[in-house]
Structures are given as C-alpha cells and as structure tokens.
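Have a look at the structure below, then the notes.
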Amino acid sequence: MQNREDIFNILRDALVELFETNPASITLDSNLYQDLEIDSIVAIDLIDHIKRQTGKKISAEDFKSVRTVGDVVEAVFRLVNTAA
C-alpha cells in the first residue's frame with residue numbers, strides 16, 4: 001500500500017464492507033460527512049481500520065482536518081511514506 005490509488009481502493013473497500021456505503025458514491029471528491037454520512041463513531045472505526053491495514057495510526061487530531069476521501073488518501077499516503 002504505497003501509492004495513492006492503492007490507498008483509495010482499500011479505503012473504498014472498507015467504506016463499502018464496513019459501513020455499507022454505495023461504491024458508486026465514493027470518489028476522491030466525496031465529502032465524508034455530507035456525501036457519505038460519516039459520523040464521529042464511524043470515523044473512529046475508519047481510523048481503526050486504517051491502523052490495522054497500515055500498522056500506523058492517524059491521530060484523531062489529524063483526522064479532524066480531513067473533509068473528503070481524497071484528504072484521507074493524502075493523510076494515509078503521508079503517514080505510510082514518512083519515517084521509514
């Protein structure tokens with residue numbers, strides 16, 4: 001899971017499988033809260049899922065600044081590609 005496309009695919013699959021999100025509604029521009037109806041509980045579950053997939057945790061503080069699926073992809077990309 002090194003590139004943005006892989007991260008997006010894993011994130012999309014997680015949203016579909018874990019939260020029954022319609023895959024057609026998930027794009028990089030999808031707003032997590034308005035378009036995908038992610039609430040704070042689901043966001044915590046999503047952070048936990050990302051941690052299990054990457055072995056690294058996005059801090060809740062960092063997650064507060066994300067608004068779109070693309071923002072999450074960028075945050076995870078930076079997380080997995082910093083500090084080897």
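To be explicit about the labels: the chains of the structure tokens are called A, B, and onward in the order shown, and within each one the residues are counted from 1, while ligands get numbers from 1 in the order they are shown.
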Spatial neighbours of region 14-18 of chain A, 12 Å, only C-alpha atoms, chain gap at least 3 places, as a ChimeraX atom specification = /A:7-11,21-27,30,32,36-38,42-43,45-50,52-53,69
Contacts of Phe77 (chain A) at 9 Å or less, counting only C-alpha atoms, minus same-chain residues fewer than 3 places along, as a PyMOL selection string?
-> chain A and resi 1-4+7+72-74+80-82
Hey, can you spit out that residue selection with all heavy atoms as a PDB file, in the first residue's frame?
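The result, stored in out-v3.pdb:
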```
ATOM      1  N   MET A   1       0.836  -1.182   0.000  1.00  0.00           N
ATOM      2  CA  MET A   1       0.000   0.000   0.000  1.00  0.00           C
ATOM      3  C   MET A   1       0.879   1.242   0.000  1.00  0.00           C
ATOM      4  O   MET A   1       0.950   1.953   0.962  1.00  0.00           O
ATOM      5  CB  MET A   1      -0.944  -0.001   1.198  1.00  0.00           C
ATOM      6  CG  MET A   1      -1.881   1.161   1.161  1.00  0.00           C
ATOM      7  SD  MET A   1      -3.266   1.053   2.279  1.00  0.00           S
ATOM      8  CE  MET A   1      -2.479   1.234   3.830  1.00  0.00           C
ATOM      9  N   GLN A   2       1.563   1.481  -1.094  1.00  0.00           N
ATOM     10  CA  GLN A   2       2.467   2.608  -1.173  1.00  0.00           C
ATOM     11  C   GLN A   2       1.902   3.788  -1.952  1.00  0.00           C
ATOM     12  O   GLN A   2       2.208   4.913  -1.640  1.00  0.00           O
ATOM     13  CB  GLN A   2       3.783   2.159  -1.829  1.00  0.00           C
ATOM     14  CG  GLN A   2       4.534   1.131  -1.023  1.00  0.00           C
ATOM     15  CD  GLN A   2       5.056   1.689   0.273  1.00  0.00           C
ATOM     16  OE1 GLN A   2       5.452   2.832   0.359  1.00  0.00           O
ATOM     17  NE2 GLN A   2       5.044   0.881   1.312  1.00  0.00           N
ATOM     18  N   ASN A   3       1.074   3.526  -2.951  1.00  0.00           N
ATOM     19  CA  ASN A   3       0.622   4.651  -3.775  1.00  0.00           C
ATOM     20  C   ASN A   3      -0.816   5.050  -3.447  1.00  0.00           C
ATOM     21  O   ASN A   3      -1.557   4.329  -2.795  1.00  0.00           O
ATOM     22  CB  ASN A   3       0.809   4.346  -5.269  1.00  0.00           C
ATOM     23  CG  ASN A   3      -0.082   3.235  -5.763  1.00  0.00           C
ATOM     24  OD1 ASN A   3      -1.277   3.215  -5.489  1.00  0.00           O
ATOM     25  ND2 ASN A   3       0.480   2.297  -6.497  1.00  0.00           N
ATOM     26  N   ARG A   4      -1.180   6.212  -3.938  1.00  0.00           N
ATOM     27  CA  ARG A   4      -2.494   6.780  -3.623  1.00  0.00           C
ATOM     28  C   ARG A   4      -3.642   5.926  -4.157  1.00  0.00           C
ATOM     29  O   ARG A   4      -4.684   5.829  -3.520  1.00  0.00           O
ATOM     30  CB  ARG A   4      -2.567   8.200  -4.165  1.00  0.00           C
ATOM     31  CG  ARG A   4      -1.704   9.175  -3.380  1.00  0.00           C
ATOM     32  CD  ARG A   4      -1.650  10.538  -4.072  1.00  0.00           C
ATOM     33  NE  ARG A   4      -0.850  11.480  -3.330  1.00  0.00           N
ATOM     34  CZ  ARG A   4       0.469  11.618  -3.449  1.00  0.00           C
ATOM     35  NH1 ARG A   4       1.140  10.856  -4.295  1.00  0.00           N
ATOM     36  NH2 ARG A   4       1.122  12.513  -2.727  1.00  0.00           N
ATOM     37  N   ILE A   7      -4.254   3.085  -1.810  1.00  0.00           N
ATOM     38  CA  ILE A   7      -4.870   3.593  -0.583  1.00  0.00           C
ATOM     39  C   ILE A   7      -6.354   3.881  -0.831  1.00  0.00           C
ATOM     40  O   ILE A   7      -7.211   3.512  -0.024  1.00  0.00           O
ATOM     41  CB  ILE A   7      -4.133   4.849  -0.077  1.00  0.00           C
ATOM     42  CG1 ILE A   7      -2.709   4.473   0.349  1.00  0.00           C
ATOM     43  CG2 ILE A   7      -4.897   5.509   1.067  1.00  0.00           C
ATOM     44  CD1 ILE A   7      -1.793   5.649   0.561  1.00  0.00           C
ATOM     45  N   VAL A  72      -8.339  11.943   3.108  1.00  0.00           N
ATOM     46  CA  VAL A  72      -7.949  10.738   3.853  1.00  0.00           C
ATOM     47  C   VAL A  72      -6.823  10.016   3.106  1.00  0.00           C
ATOM     48  O   VAL A  72      -5.844   9.598   3.704  1.00  0.00           O
ATOM     49  CB  VAL A  72      -9.142   9.782   4.080  1.00  0.00           C
ATOM     50  CG1 VAL A  72      -8.681   8.513   4.796  1.00  0.00           C
ATOM     51  CG2 VAL A  72     -10.240  10.466   4.863  1.00  0.00           C
ATOM     52  N   VAL A  73      -6.969   9.893   1.785  1.00  0.00           N
ATOM     53  CA  VAL A  73      -5.941   9.237   0.978  1.00  0.00           C
ATOM     54  C   VAL A  73      -4.607   9.949   1.170  1.00  0.00           C
ATOM     55  O   VAL A  73      -3.576   9.307   1.393  1.00  0.00           O
ATOM     56  CB  VAL A  73      -6.345   9.188  -0.515  1.00  0.00           C
ATOM     57  CG1 VAL A  73      -5.173   8.758  -1.388  1.00  0.00           C
ATOM     58  CG2 VAL A  73      -7.541   8.259  -0.716  1.00  0.00           C
ATOM     59  N   GLU A  74      -4.605  11.274   1.108  1.00  0.00           N
ATOM     60  CA  GLU A  74      -3.366  12.043   1.279  1.00  0.00           C
ATOM     61  C   GLU A  74      -2.780  11.849   2.677  1.00  0.00           C
ATOM     62  O   GLU A  74      -1.575  11.681   2.833  1.00  0.00           O
ATOM     63  CB  GLU A  74      -3.600  13.531   1.024  1.00  0.00           C
ATOM     64  CG  GLU A  74      -3.537  13.912  -0.414  1.00  0.00           C
ATOM     65  CD  GLU A  74      -2.239  13.515  -1.100  1.00  0.00           C
ATOM     66  OE1 GLU A  74      -1.147  13.782  -0.573  1.00  0.00           O
ATOM     67  OE2 GLU A  74      -2.326  12.916  -2.181  1.00  0.00           O
ATOM     68  N   VAL A  80       2.187   6.613   5.685  1.00  0.00           N
ATOM     69  CA  VAL A  80       2.913   5.383   5.356  1.00  0.00           C
ATOM     70  C   VAL A  80       4.229   5.640   4.619  1.00  0.00           C
ATOM     71  O   VAL A  80       5.063   4.766   4.529  1.00  0.00           O
ATOM     72  CB  VAL A  80       2.054   4.378   4.544  1.00  0.00           C
ATOM     73  CG1 VAL A  80       0.846   3.936   5.334  1.00  0.00           C
ATOM     74  CG2 VAL A  80       1.657   4.933   3.197  1.00  0.00           C
ATOM     75  N   ASN A  81       4.412   6.866   4.131  1.00  0.00           N
ATOM     76  CA  ASN A  81       5.622   7.169   3.380  1.00  0.00           C
ATOM     77  C   ASN A  81       6.565   8.115   4.110  1.00  0.00           C
ATOM     78  O   ASN A  81       7.482   8.663   3.504  1.00  0.00           O
ATOM     79  CB  ASN A  81       5.260   7.734   2.001  1.00  0.00           C
ATOM     80  CG  ASN A  81       4.713   6.649   1.107  1.00  0.00           C
ATOM     81  OD1 ASN A  81       5.412   5.741   0.728  1.00  0.00           O
ATOM     82  ND2 ASN A  81       3.430   6.742   0.798  1.00  0.00           N
ATOM     83  N   THR A  82       6.361   8.304   5.405  1.00  0.00           N
ATOM     84  CA  THR A  82       7.287   9.099   6.206  1.00  0.00           C
ATOM     85  C   THR A  82       7.910   8.209   7.260  1.00  0.00           C
ATOM     86  O   THR A  82       7.341   7.209   7.670  1.00  0.00           O
ATOM     87  CB  THR A  82       6.582  10.285   6.906  1.00  0.00           C
ATOM     88  OG1 THR A  82       5.457   9.795   7.630  1.00  0.00           O
ATOM     89  CG2 THR A  82       6.153  11.327   5.923  1.00  0.00           C
TER      90      THR A  82
END
```
Would you please extract all helix (DSSP H, G or I) residues from chain A, as assigned by DSSP on the backbone, and give them as a ChimeraX atom specification?
-> /A:4-19,23-25,40-54,60-64,69-80
Store the residues picked out above in a file with N, CA and C atoms, as a compact mmCIF listing (two decimals), in the first residue's frame.
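Once everything was written out, this is out-v9.txt:
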```
# COMPACT_ATOMS: atom_id res chain seq x y z
N ARG A 4 -1.18 6.21 -3.94
CA ARG A 4 -2.49 6.78 -3.62
C ARG A 4 -3.64 5.93 -4.16
N GLU A 5 -3.45 5.34 -5.32
CA GLU A 5 -4.51 4.50 -5.90
C GLU A 5 -4.80 3.29 -5.01
N ASP A 6 -3.74 2.64 -4.51
CA ASP A 6 -3.92 1.51 -3.60
C ASP A 6 -4.65 1.94 -2.34
N ILE A 7 -4.25 3.08 -1.81
CA ILE A 7 -4.87 3.59 -0.58
C ILE A 7 -6.35 3.88 -0.83
N PHE A 8 -6.66 4.52 -1.96
CA PHE A 8 -8.05 4.81 -2.30
C PHE A 8 -8.86 3.52 -2.40
N ASN A 9 -8.31 2.51 -3.07
CA ASN A 9 -9.04 1.24 -3.24
C ASN A 9 -9.31 0.57 -1.91
N ILE A 10 -8.34 0.57 -1.02
CA ILE A 10 -8.52 -0.03 0.30
C ILE A 10 -9.55 0.76 1.11
N LEU A 11 -9.46 2.08 1.02
CA LEU A 11 -10.42 2.92 1.73
C LEU A 11 -11.83 2.72 1.19
N ARG A 12 -11.98 2.70 -0.13
CA ARG A 12 -13.30 2.47 -0.75
C ARG A 12 -13.86 1.12 -0.32
N ASP A 13 -13.02 0.08 -0.39
CA ASP A 13 -13.48 -1.25 0.02
C ASP A 13 -13.92 -1.27 1.48
N ALA A 14 -13.18 -0.56 2.33
CA ALA A 14 -13.55 -0.50 3.76
C ALA A 14 -14.89 0.20 3.94
N LEU A 15 -15.08 1.30 3.24
CA LEU A 15 -16.35 2.02 3.36
C LEU A 15 -17.52 1.17 2.89
N VAL A 16 -17.30 0.39 1.85
CA VAL A 16 -18.36 -0.47 1.32
C VAL A 16 -18.64 -1.63 2.27
N GLU A 17 -17.59 -2.32 2.68
CA GLU A 17 -17.76 -3.52 3.50
C GLU A 17 -18.18 -3.21 4.93
N LEU A 18 -17.52 -2.25 5.55
CA LEU A 18 -17.77 -1.98 6.96
C LEU A 18 -18.99 -1.11 7.20
N PHE A 19 -19.26 -0.18 6.28
CA PHE A 19 -20.30 0.81 6.55
C PHE A 19 -21.41 0.82 5.51
N PRO A 23 -20.64 1.97 -3.43
CA PRO A 23 -19.34 2.21 -4.04
C PRO A 23 -19.36 3.29 -5.12
N ALA A 24 -20.48 3.45 -5.79
CA ALA A 24 -20.57 4.47 -6.84
C ALA A 24 -20.51 5.89 -6.27
N SER A 25 -20.82 6.04 -4.99
CA SER A 25 -20.82 7.36 -4.38
C SER A 25 -19.45 7.75 -3.81
N SER A 40 -19.07 10.69 13.80
CA SER A 40 -17.86 10.55 14.62
C SER A 40 -17.58 9.10 15.02
N ILE A 41 -18.60 8.31 15.24
CA ILE A 41 -18.41 6.90 15.59
C ILE A 41 -17.83 6.13 14.42
N VAL A 42 -18.38 6.35 13.24
CA VAL A 42 -17.88 5.69 12.04
C VAL A 42 -16.45 6.15 11.75
N ALA A 43 -16.17 7.43 11.98
CA ALA A 43 -14.82 7.95 11.76
C ALA A 43 -13.81 7.23 12.64
N ILE A 44 -14.17 6.96 13.87
CA ILE A 44 -13.28 6.23 14.79
C ILE A 44 -13.04 4.82 14.27
N ASP A 45 -14.10 4.17 13.81
CA ASP A 45 -13.96 2.83 13.23
C ASP A 45 -13.07 2.86 11.99
N LEU A 46 -13.21 3.90 11.19
CA LEU A 46 -12.39 4.04 9.99
C LEU A 46 -10.92 4.24 10.35
N ILE A 47 -10.65 5.06 11.35
CA ILE A 47 -9.27 5.26 11.82
C ILE A 47 -8.69 3.93 12.29
N ASP A 48 -9.48 3.16 13.02
CA ASP A 48 -9.02 1.85 13.50
C ASP A 48 -8.74 0.91 12.33
N HIS A 49 -9.58 0.92 11.32
CA HIS A 49 -9.38 0.07 10.15
C HIS A 49 -8.09 0.46 9.42
N ILE A 50 -7.86 1.76 9.28
CA ILE A 50 -6.63 2.23 8.63
C ILE A 50 -5.41 1.77 9.42
N LYS A 51 -5.49 1.84 10.73
CA LYS A 51 -4.38 1.39 11.57
C LYS A 51 -4.10 -0.10 11.35
N ARG A 52 -5.15 -0.90 11.27
CA ARG A 52 -4.96 -2.34 11.05
C ARG A 52 -4.35 -2.62 9.68
N GLN A 53 -4.70 -1.81 8.68
CA GLN A 53 -4.19 -2.02 7.33
C GLN A 53 -2.75 -1.55 7.16
N THR A 54 -2.39 -0.47 7.86
CA THR A 54 -1.07 0.14 7.65
C THR A 54 -0.09 -0.12 8.78
N ALA A 60 -6.42 11.35 15.93
CA ALA A 60 -7.76 11.93 15.84
C ALA A 60 -7.65 13.40 15.46
N GLU A 61 -6.61 14.06 15.93
CA GLU A 61 -6.41 15.47 15.59
C GLU A 61 -6.18 15.65 14.09
N ASP A 62 -5.35 14.78 13.50
CA ASP A 62 -5.12 14.84 12.05
C ASP A 62 -6.41 14.52 11.29
N PHE A 63 -7.18 13.58 11.81
CA PHE A 63 -8.40 13.17 11.12
C PHE A 63 -9.45 14.28 11.14
N LYS A 64 -9.40 15.15 12.14
CA LYS A 64 -10.37 16.25 12.20
C LYS A 64 -10.24 17.19 11.01
N VAL A 69 -12.71 12.15 0.81
CA VAL A 69 -12.00 10.88 0.66
C VAL A 69 -10.56 11.16 0.22
N GLY A 70 -10.39 12.12 -0.67
CA GLY A 70 -9.05 12.49 -1.13
C GLY A 70 -8.16 12.97 0.01
N ASP A 71 -8.74 13.70 0.97
CA ASP A 71 -7.98 14.14 2.14
C ASP A 71 -7.49 12.95 2.96
N VAL A 72 -8.34 11.94 3.11
CA VAL A 72 -7.95 10.74 3.85
C VAL A 72 -6.82 10.02 3.11
N VAL A 73 -6.97 9.89 1.79
CA VAL A 73 -5.94 9.24 0.98
C VAL A 73 -4.61 9.95 1.17
N GLU A 74 -4.61 11.27 1.11
CA GLU A 74 -3.37 12.04 1.28
C GLU A 74 -2.78 11.85 2.68
N ALA A 75 -3.63 11.88 3.70
CA ALA A 75 -3.16 11.71 5.08
C ALA A 75 -2.52 10.33 5.27
N VAL A 76 -3.16 9.30 4.73
CA VAL A 76 -2.61 7.94 4.85
C VAL A 76 -1.33 7.83 4.03
N PHE A 77 -1.31 8.40 2.84
CA PHE A 77 -0.12 8.37 2.00
C PHE A 77 1.07 8.99 2.73
N ARG A 78 0.85 10.16 3.32
CA ARG A 78 1.93 10.80 4.09
C ARG A 78 2.35 9.94 5.27
N LEU A 79 1.40 9.34 5.94
CA LEU A 79 1.67 8.51 7.11
C LEU A 79 2.53 7.32 6.76
N VAL A 80 2.19 6.61 5.68
CA VAL A 80 2.91 5.38 5.36
C VAL A 80 4.23 5.64 4.62
```
